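Text of start20.tsv, listed as TSV, C-alpha atoms:
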chain	number	residue	atom	x	y	z
A	1	MET	CA	7.87	-95.71	25.74
A	2	PRO	CA	11.02	-93.78	26.72
A	3	SER	CA	12.09	-94.00	30.34
A	4	ILE	CA	10.73	-91.00	32.22
A	5	LEU	CA	13.66	-90.84	34.62
A	6	LYS	CA	16.26	-91.15	31.83
A	7	SER	CA	14.42	-88.54	29.78
A	8	LEU	CA	14.36	-86.09	32.66
A	9	ARG	CA	18.07	-86.63	33.34
A	10	LEU	CA	18.87	-85.91	29.68
A	11	ALA	CA	16.59	-82.88	29.53
A	12	ALA	CA	18.22	-81.45	32.67
A	13	ASP	CA	21.13	-80.38	30.45
A	14	PRO	CA	20.28	-76.85	29.15
A	15	ASN	CA	21.62	-77.54	25.64
A	16	ARG	CA	19.62	-80.74	25.24
A	17	LEU	CA	16.53	-79.00	26.61
A	18	ARG	CA	16.99	-76.21	24.06
A	19	MET	CA	17.24	-78.83	21.29
A	20	LEU	CA	14.05	-80.55	22.36
A	21	LEU	CA	12.15	-77.26	22.50
A	22	LEU	CA	13.42	-76.34	19.02
A	23	LEU	CA	12.65	-79.75	17.52
A	24	GLU	CA	9.15	-79.48	18.93
A	25	ARG	CA	8.70	-76.51	16.60
A	26	GLU	CA	10.48	-77.81	13.49
A	27	GLU	CA	12.51	-80.66	12.05
A	28	LEU	CA	16.14	-79.49	11.86
A	29	SER	CA	19.52	-80.62	10.56
A	30	VAL	CA	22.74	-80.77	12.56
A	31	ALA	CA	24.05	-77.72	10.69
A	32	GLU	CA	20.89	-75.74	11.47
A	33	LEU	CA	21.08	-76.67	15.15
A	34	GLN	CA	24.73	-75.57	15.12
A	35	GLU	CA	23.75	-72.19	13.75
A	36	ILE	CA	20.93	-71.68	16.24
A	37	LEU	CA	22.74	-72.90	19.35
A	38	VAL	CA	26.20	-71.62	18.34
A	39	ARG	CA	27.81	-74.92	19.31
A	40	GLY	CA	30.31	-77.16	17.53
A	41	GLN	CA	29.25	-80.02	15.27
A	42	SER	CA	30.68	-82.74	17.53
A	43	GLN	CA	28.87	-81.38	20.59
A	44	ILE	CA	25.56	-81.16	18.73
A	45	SER	CA	25.95	-84.68	17.32
A	46	THR	CA	26.76	-86.12	20.76
A	47	HIS	CA	23.64	-84.57	22.30
A	48	LEU	CA	21.48	-85.79	19.41
A	49	ALA	CA	22.87	-89.32	19.70
A	50	GLN	CA	21.97	-89.40	23.41
A	51	LEU	CA	18.46	-88.07	22.72
A	52	LYS	CA	17.98	-90.58	19.91
A	53	GLN	CA	19.15	-93.47	22.08
A	54	ALA	CA	16.61	-92.44	24.71
A	55	GLY	CA	13.85	-92.42	22.08
A	56	LEU	CA	13.23	-88.67	22.32
A	57	VAL	CA	14.24	-87.86	18.72
A	58	GLU	CA	14.67	-89.72	15.45
A	59	ASP	CA	16.53	-88.89	12.25
A	60	ARG	CA	15.88	-89.24	8.55
A	61	ARG	CA	18.31	-88.98	5.70
A	62	THR	CA	17.84	-86.62	2.75
A	63	GLY	CA	20.83	-86.91	0.44
A	64	LYS	CA	23.89	-85.97	2.47
A	65	ASN	CA	21.86	-84.34	5.24
A	66	ALA	CA	20.28	-85.85	8.34
A	67	PHE	CA	17.20	-84.15	9.76
A	68	TYR	CA	16.07	-84.71	13.32
A	69	ARG	CA	12.47	-84.69	14.50
A	70	LEU	CA	10.91	-84.90	17.94
A	71	THR	CA	9.45	-88.23	19.16
A	72	ALA	CA	9.27	-87.40	22.88
A	73	PRO	CA	5.89	-88.02	24.55
A	74	ALA	CA	3.53	-85.05	24.66
A	75	GLU	CA	3.28	-85.34	28.45
A	76	LEU	CA	7.06	-84.94	28.78
A	77	MET	CA	7.14	-81.93	26.45
A	78	GLN	CA	4.31	-80.30	28.38
A	79	LEU	CA	6.47	-80.53	31.49
A	80	LEU	CA	9.63	-79.33	29.70
A	81	ARG	CA	7.86	-76.31	28.22
A	82	GLN	CA	7.33	-75.07	31.76
A	83	ALA	CA	11.13	-74.89	32.12
A	84	ASP	CA	11.38	-72.67	29.05
A	85	GLY	CA	11.45	-69.53	31.20
A	86	GLU	CA	14.49	-70.85	33.07
A	87	ILE	CA	16.56	-70.95	29.87
A	88	PRO	CA	17.94	-67.41	29.16
A	89	GLU	CA	18.72	-68.32	25.55
A	90	ALA	CA	15.20	-69.56	24.74
A	91	PRO	CA	13.83	-66.29	23.25
A	92	GLN	CA	16.97	-65.90	21.13
A	93	ASP	CA	16.64	-69.53	20.00
A	94	GLN	CA	13.19	-68.82	18.60
A	95	LEU	CA	14.47	-65.79	16.65
A	96	ALA	CA	17.38	-67.85	15.31
A	97	LEU	CA	14.98	-70.64	14.35
A	98	ARG	CA	12.93	-68.22	12.30
A	99	LEU	CA	16.05	-67.02	10.48
A	100	VAL	CA	17.17	-70.59	9.77
A	101	LEU	CA	13.80	-71.45	8.28
A	102	ARG	CA	13.90	-68.30	6.19
A	103	LYS	CA	17.32	-69.32	4.89
A	104	ARG	CA	15.83	-72.55	3.61
A	105	THR	CA	13.60	-70.46	1.39
A	106	ASP	CA	16.57	-68.26	0.44
A	107	ASN	CA	18.57	-71.36	-0.56
A	108	MET	CA	15.76	-72.49	-2.82
A	109	ARG	CA	15.52	-69.03	-4.34
A	110	ARG	CA	19.29	-68.99	-4.88
A	111	TYR	CA	19.09	-72.34	-6.66
A	112	PHE	CA	16.59	-70.97	-9.13
A	113	ASP	CA	18.63	-67.77	-9.46
A	114	GLU	CA	21.64	-69.85	-10.46
A	115	LEU	CA	19.56	-71.97	-12.80
A	116	ALA	CA	18.06	-68.92	-14.44
A	117	GLY	CA	21.54	-67.42	-14.85
A	118	LYS	CA	22.54	-70.24	-17.19
A	119	PHE	CA	20.28	-68.80	-19.83
A	120	GLY	CA	21.91	-65.89	-21.61
A	121	ARG	CA	24.76	-65.79	-19.11
A	122	GLN	CA	27.17	-64.29	-21.63
A	123	TYR	CA	25.02	-61.54	-23.06
A	124	VAL	CA	21.38	-60.60	-23.40
A	125	PRO	CA	20.69	-57.33	-25.23
A	126	GLY	CA	19.12	-54.75	-22.96
A	127	ARG	CA	19.34	-56.75	-19.72
A	128	SER	CA	21.04	-54.95	-16.84
A	129	TRP	CA	20.61	-54.55	-13.09
A	130	LYS	CA	20.79	-50.78	-13.57
A	131	GLY	CA	17.84	-50.90	-15.95
A	132	PHE	CA	15.87	-53.03	-13.50
A	133	ALA	CA	16.71	-50.66	-10.63
A	134	GLU	CA	15.63	-47.66	-12.70
A	135	ALA	CA	12.30	-49.38	-13.42
A	136	LEU	CA	11.72	-50.06	-9.70
A	137	LEU	CA	12.54	-46.44	-8.86
A	138	LYS	CA	9.82	-45.28	-11.23
A	139	LEU	CA	7.31	-47.47	-9.40
A	140	MET	CA	8.28	-46.04	-6.00
A	141	PRO	CA	5.79	-43.49	-4.62
A	142	PRO	CA	7.16	-39.97	-4.03
A	143	LEU	CA	8.60	-39.99	-0.51
A	144	VAL	CA	10.76	-37.87	1.76
A	145	ILE	CA	13.92	-39.96	2.08
A	146	ALA	CA	16.92	-39.67	4.40
A	147	ASP	CA	20.04	-41.32	2.96
A	148	LEU	CA	22.09	-41.81	6.12
A	149	GLY	CA	25.82	-42.26	5.62
A	150	ALA	CA	25.38	-41.25	2.00
A	151	GLY	CA	29.04	-40.83	1.04
A	152	GLU	CA	29.31	-39.00	-2.26
A	153	GLY	CA	25.60	-39.60	-2.79
A	154	THR	CA	25.34	-42.08	-5.66
A	155	ASN	CA	22.26	-43.69	-4.12
A	156	SER	CA	20.86	-40.29	-3.16
A	157	GLN	CA	20.98	-39.11	-6.75
A	158	LEU	CA	19.22	-42.26	-7.96
A	159	LEU	CA	16.52	-41.94	-5.30
A	160	ALA	CA	16.00	-38.26	-6.12
A	161	GLN	CA	14.74	-39.19	-9.59
A	162	ARG	CA	11.43	-40.21	-8.03
A	163	ALA	CA	11.48	-38.99	-4.41
A	164	LYS	CA	9.64	-35.92	-3.21
A	165	ARG	CA	12.81	-34.96	-1.38
A	166	VAL	CA	16.12	-36.62	-0.46
A	167	ILE	CA	18.29	-35.49	2.45
A	168	ALA	CA	21.79	-36.98	2.20
A	169	ILE	CA	23.72	-37.12	5.49
A	170	ASP	CA	27.46	-37.80	5.82
A	171	ASN	CA	30.11	-36.95	8.41
A	172	SER	CA	32.82	-36.16	5.85
A	173	GLU	CA	32.94	-32.54	4.71
A	174	LYS	CA	34.67	-33.50	1.48
A	175	MET	CA	32.02	-36.13	0.68
A	176	VAL	CA	29.24	-33.62	1.34
A	177	GLU	CA	30.95	-30.94	-0.78
A	178	PHE	CA	31.52	-33.43	-3.61
A	179	GLY	CA	27.93	-34.65	-3.56
A	180	ALA	CA	26.49	-31.16	-3.34
A	181	ASP	CA	28.60	-30.07	-6.33
A	182	LEU	CA	27.30	-33.03	-8.35
A	183	ALA	CA	23.71	-32.17	-7.43
A	184	ARG	CA	24.24	-28.58	-8.57
A	185	LYS	CA	25.94	-29.71	-11.75
A	186	HIS	CA	23.04	-32.00	-12.65
A	187	ALA	CA	20.37	-29.55	-11.42
A	188	ILE	CA	18.87	-32.01	-8.93
A	189	SER	CA	16.75	-29.55	-6.98
A	190	ASN	CA	15.10	-32.03	-4.58
A	191	LEU	CA	18.40	-33.33	-3.19
A	192	GLU	CA	20.03	-31.68	-0.19
A	193	TYR	CA	23.33	-32.64	1.46
A	194	ARG	CA	23.93	-32.06	5.16
A	195	LEU	CA	27.00	-32.61	7.28
A	196	GLY	CA	26.12	-34.87	10.21
A	197	ASP	CA	26.68	-38.12	12.04
A	198	LEU	CA	24.62	-41.32	11.99
A	199	GLU	CA	24.28	-41.10	15.74
A	200	ASP	CA	23.23	-37.42	15.73
A	201	VAL	CA	21.25	-36.86	12.54
A	202	PRO	CA	20.58	-33.20	11.65
A	203	ILE	CA	16.94	-33.80	10.67
A	204	ARG	CA	13.82	-32.86	12.65
A	205	SER	CA	11.90	-35.65	14.37
A	206	GLY	CA	9.01	-37.26	12.52
A	207	THR	CA	9.64	-35.67	9.12
A	208	VAL	CA	10.91	-38.56	6.95
A	209	ASP	CA	9.06	-41.39	5.16
A	210	LEU	CA	12.05	-43.65	4.50
A	211	ALA	CA	15.40	-43.95	6.28
A	212	PHE	CA	17.93	-45.62	4.00
A	213	ILE	CA	21.32	-46.84	5.30
A	214	SER	CA	23.55	-48.53	2.72
A	215	GLN	CA	26.94	-49.97	3.80
A	216	ALA	CA	27.28	-47.31	6.49
A	217	LEU	CA	26.12	-48.95	9.71
A	218	HIS	CA	29.40	-50.84	10.15
A	219	HIS	CA	31.10	-47.42	10.38
A	220	ALA	CA	28.94	-46.34	13.34
A	221	VAL	CA	30.59	-46.44	16.76
A	222	HIS	CA	27.23	-47.37	18.31
A	223	PRO	CA	24.97	-48.99	15.67
A	224	GLU	CA	22.05	-49.17	18.10
A	225	ARG	CA	22.16	-45.38	18.57
A	226	ALA	CA	22.22	-44.86	14.81
A	227	LEU	CA	19.05	-46.92	14.43
A	228	GLY	CA	17.49	-45.03	17.32
A	229	GLU	CA	18.13	-41.81	15.40
A	230	ALA	CA	16.62	-43.31	12.26
A	231	PHE	CA	13.51	-44.19	14.26
A	232	ARG	CA	13.32	-40.65	15.65
A	233	ILE	CA	13.33	-38.88	12.29
A	234	LEU	CA	10.71	-41.18	10.74
A	235	ARG	CA	7.04	-40.33	10.61
A	236	ARG	CA	4.51	-42.81	11.96
A	237	GLY	CA	4.07	-45.32	9.17
A	238	GLY	CA	7.62	-44.69	7.91
A	239	ARG	CA	10.08	-47.43	7.06
A	240	ILE	CA	13.77	-48.19	7.38
A	241	ALA	CA	15.88	-50.15	4.88
A	242	ILE	CA	19.44	-51.23	5.69
A	243	LEU	CA	21.99	-52.80	3.38
A	244	ASP	CA	25.10	-53.94	5.20
A	245	LEU	CA	27.69	-56.70	5.31
A	246	LYS	CA	26.98	-59.99	6.98
A	247	ARG	CA	29.44	-60.83	9.77
A	248	HIS	CA	32.79	-61.82	8.23
A	249	HIS	CA	36.40	-62.41	9.29
A	250	PHE	CA	38.25	-60.22	6.80
A	251	GLU	CA	40.21	-58.23	9.40
A	252	GLU	CA	41.96	-56.19	6.70
A	253	ALA	CA	38.67	-54.32	6.22
A	254	ARG	CA	39.41	-52.32	9.36
A	255	GLU	CA	42.46	-50.76	7.69
A	256	MET	CA	41.37	-50.85	4.06
A	257	TYR	CA	37.87	-49.41	4.50
A	258	ALA	CA	37.98	-47.92	8.04
A	259	ASP	CA	35.32	-50.42	9.12
A	260	LEU	CA	34.59	-50.39	12.85
A	261	TRP	CA	32.48	-53.57	12.69
A	262	LEU	CA	33.14	-56.66	10.58
A	263	GLY	CA	29.52	-56.77	9.50
A	264	PHE	CA	26.56	-58.02	11.52
A	265	THR	CA	24.58	-61.20	11.90
A	266	GLU	CA	20.91	-61.18	10.95
A	267	LEU	CA	20.03	-61.68	14.61
A	268	GLU	CA	22.06	-58.63	15.62
A	269	LEU	CA	20.33	-56.42	13.05
A	270	GLU	CA	16.93	-57.75	14.10
A	271	ARG	CA	17.70	-57.04	17.75
A	272	TYR	CA	18.98	-53.51	17.03
A	273	LEU	CA	15.86	-52.69	15.02
A	274	ARG	CA	13.42	-54.11	17.55
A	275	ASP	CA	15.20	-52.39	20.44
A	276	ALA	CA	14.96	-49.08	18.52
A	277	GLY	CA	11.17	-49.56	18.31
A	278	PHE	CA	10.69	-50.95	14.80
A	279	LYS	CA	8.02	-53.54	14.06
A	280	LYS	CA	7.58	-56.05	11.22
A	281	VAL	CA	11.34	-56.50	11.15
A	282	GLU	CA	12.67	-58.72	8.35
A	283	THR	CA	16.19	-59.67	7.28
A	284	ALA	CA	17.61	-61.69	4.42
A	285	VAL	CA	20.94	-62.27	2.69
A	286	VAL	CA	20.40	-60.74	-0.76
A	287	TYR	CA	23.85	-61.01	-2.35
A	288	ARG	CA	26.99	-63.13	-2.08
A	289	GLU	CA	30.15	-61.98	-3.83
A	290	PRO	CA	31.71	-64.72	-5.98
A	291	ASP	CA	35.32	-63.76	-5.15
A	292	VAL	CA	37.45	-63.87	-1.99
A	293	PRO	CA	36.68	-62.79	0.73
A	294	TYR	CA	33.11	-63.65	-0.36
A	295	PHE	CA	31.35	-60.73	1.30
A	296	GLU	CA	27.62	-61.19	1.80
A	297	THR	CA	25.04	-58.40	1.93
A	298	ILE	CA	22.08	-58.39	4.31
A	299	LEU	CA	18.89	-56.44	3.68
A	300	ALA	CA	17.04	-55.49	6.87
A	301	THR	CA	13.72	-53.63	6.95
A	302	GLY	CA	11.32	-52.44	9.64
A	303	ASP	CA	8.29	-50.23	10.15
A	304	LYS	CA	7.55	-47.40	12.55
A	305	MET	CA	3.99	-48.33	13.30
A	306	GLY	CA	1.12	-45.89	13.66
A	307	ALA	CA	-1.57	-45.85	16.30
A	308	ASN	CA	-2.97	-49.27	17.27
A	309	GLY	CA	0.01	-50.91	15.60
A	310	ARG	CA	-1.22	-50.12	12.10
A	311	HIS	CA	1.18	-49.39	9.29
A	312	ARG	CA	-0.70	-46.25	8.42
A	313	VAL	CA	0.01	-42.55	8.43
A	314	SER	CA	-2.47	-40.33	10.24
A	315	PRO	CA	-4.41	-37.69	8.27
A	316	GLN	CA	-2.32	-34.98	9.93
A	317	ALA	CA	0.90	-36.68	8.84
A	318	LYS	CA	-0.48	-37.04	5.32
A	319	ASP	CA	-1.18	-33.30	5.27
A	320	GLN	CA	2.36	-32.62	6.46
A	321	ALA	CA	3.72	-34.91	3.76
A	322	ARG	CA	1.89	-32.86	1.13
A	323	LYS	CA	3.37	-29.65	2.53
A	324	VAL	CA	7.05	-30.39	2.28
A	325	GLU	CA	8.88	-27.10	2.34
A	326	PRO	CA	10.61	-26.03	-0.89
A	327	VAL	CA	14.14	-27.34	-1.20
A	328	PRO	CA	16.81	-24.70	-1.76
A	329	PRO	CA	19.80	-25.37	-4.00
A	330	PRO	CA	22.11	-28.05	-2.52
A	331	ARG	CA	24.07	-26.72	0.42
A	332	ILE	CA	25.82	-27.94	3.57
A	333	PRO	CA	23.70	-26.78	6.53
A	334	HIS	CA	23.11	-28.10	10.04
A	335	ASP	CA	19.38	-28.41	10.69
A	336	SER	CA	18.14	-27.57	14.15
A	337	ARG	CA	15.94	-30.12	15.82

Would it be possible to restate this file's structure as structure tokens?
Amino acid sequence: MPSILKSLRLAADPNRLRMLLLLEREELSVAELQEILVRGQSQISTHLAQLKQAGLVEDRRTGKNAFYRLTAPAELMQLLRQADGEIPEAPQDQLALRLVLRKRTDNMRRYFDELAGKFGRQYVPGRSWKGFAEALLKLMPPLVIADLGAGEGTNSQLLAQRAKRVIAIDNSEKMVEFGADLARKHAISNLEYRLGDLEDVPIRSGTVDLAFISQALHHAVHPERALGEAFRILRRGGRIAILDLKRHHFEEAREMYADLWLGFTELELERYLRDAGFKKVETAVVYREPDVPYFETILATGDKMGANGRHRVSPQAKDQARKVEPVPPPRIPHDSR
């Protein structure tokens, strides 16, 4: 049995205590512990070696990876759990652990994606992502959608094919004029462009079913305020969907694309969404570019829950949804709140 005094001395270090509490939940690799604790590989390995020597953890090899599991006595862990509240990083560790475990599933999915891609990689008649996207759009129920940071409105025009109504918001007059002209040209009567900012959206509170933000959040001065605005305009039971870059180090993006933020981590997006009031928050990396600088895209979603925490729209809200006011020809107005 491990020495109680030696175990307590080791666990007195906050980083080793965090490791023990994490390994109590799940077997983890050195790389996964690095990601959760945001510490260097050598530091993590040193701590693990000390814990292993004391008999508190053990490792197993799987190919090139070593996974560590907890072997500490239950009585010791019961005592250490009481110190959990004294570790400021503990709540964040649990969120990071959930993301790491989700990435394991993502890695498996990516493996099968790559395997599947070997079949018909050169050409398959009729197969296209656009065709698949068009099919999914047809399956989408008719909703009132706010496309926030819409740019020229490519996504807005696609969503309008099925949506009850799409309100495209952008802070560039030229983008709004260009998009509105395209909507008029193609006679898209349920698509309206409005000049406005992500942090001050010109849409009335509680009138939208879906808030969609694609590659625009990293242009917001205060991303948390932008998500607060998205929450405000959503009805109870509404949803948010964000597509944005994962945190990267391509500094040139600030000049080339006027990016204010070099992407976000999944934890940051989760925190922003939860702080804004969203529930059932989920994030995942959904695309990795094959060329330098290897940008990655994160999908983040969340719900604005109804009464009693249910993802359900009240009868009154349903009635309001059925009575969406007629949409005039595309214009560039400012809507009063």

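Proximity ranking of A:Ala146, A:Ile167, A:Leu158, A:Met256 relative to Ile213 (chain A) places A:Ala146 first, based on all atoms listed in the file.
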
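Taking CA of Leu101 (chain A) and CA of Tyr272 (chain A) as the two end points, the separation is 20.6 Å.
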
Discussion item. For a test of reading the model, state the distance in Å between CA of Leu273 (chain A) and CA of Arg194 (chain A), rounded to one decimal.
Written reply: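 Between CA of Leu273 (chain A) and CA of Arg194 (chain A) the gap is 24.2 Å.
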
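Neighbours of Arg162 (chain A) closer than or equal to 8 Å, with all atoms listed in the file counted and sequence neighbours fewer than 4 positions away skipped, come out as Leu137, Lys138, Met140, Pro141 and Pro142 of chain A.
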
Item to complete: Name all residues at most 10 Å from Ile44 (chain A) (count all atoms listed in the file; drop same-chain ones fewer than 4 positions away) and give them as an NGL selection string.
Response: :A and (15-16 or 19 or 30-31 or 33-34 or 37-40 or 48-49)

Item to complete: Rank nothing, just name the residue among A:Val100, A:Ile188, A:Val208, A:Leu159 nearest to Ala135 (chain A), using all atoms listed in the file.
Response: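 Between A:Val100, A:Ile188, A:Val208, A:Leu159, the residue approaching Ala135 (chain A) most closely is A:Leu159.
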
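Here CA of Phe278 (chain A) is placed at a distance of 5.4 Å from CA of Gly302 (chain A).
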
Practice prompt. Please provide as a PyMOL selection string all residues within 6 Å of region 171-186 of chain A, with the sequence filter that same-chain residues fewer than 6 positions apart are discarded (counting all atoms listed in the file).
Written response: chain A and resi 151-153+193+195-197+330

Worksheet entry | Residue contacts of Arg60 (chain A) (12 Å, only C-alpha atoms) excluding same-chain residues fewer than 2 positions away, as a list in words |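 Skipping anything fewer than 2 positions along the chain leaves Glu27, Leu28, Ser29, Val30, Lys52, Val57, Glu58, Thr62, Gly63, Lys64, Asn65, Ala66, Phe67, Tyr68, Arg69 and Leu70 of chain A.
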
Discussion item. Which residue is closest to Asp244 (chain A)? Choose from A:Val292, A:Leu299, A:Leu210, A:Ala72 and count all atoms listed in the file.
Written reply: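 With all atoms listed in the file as the atom set, the closest residue is A:Leu299.
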
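Each of A:Glu296, A:Asp291, A:Asp93, A:Glu192 was checked against Gln215 (chain A) using all atoms listed in the file; the smallest atom-to-atom distance is that of A:Glu296.
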
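With all atoms listed in the file as the atoms that count, the minimum distance from Glu268 (chain A) to the choices A:Ala300, A:Leu139, A:Leu5, A:Val144 is reached by A:Ala300.
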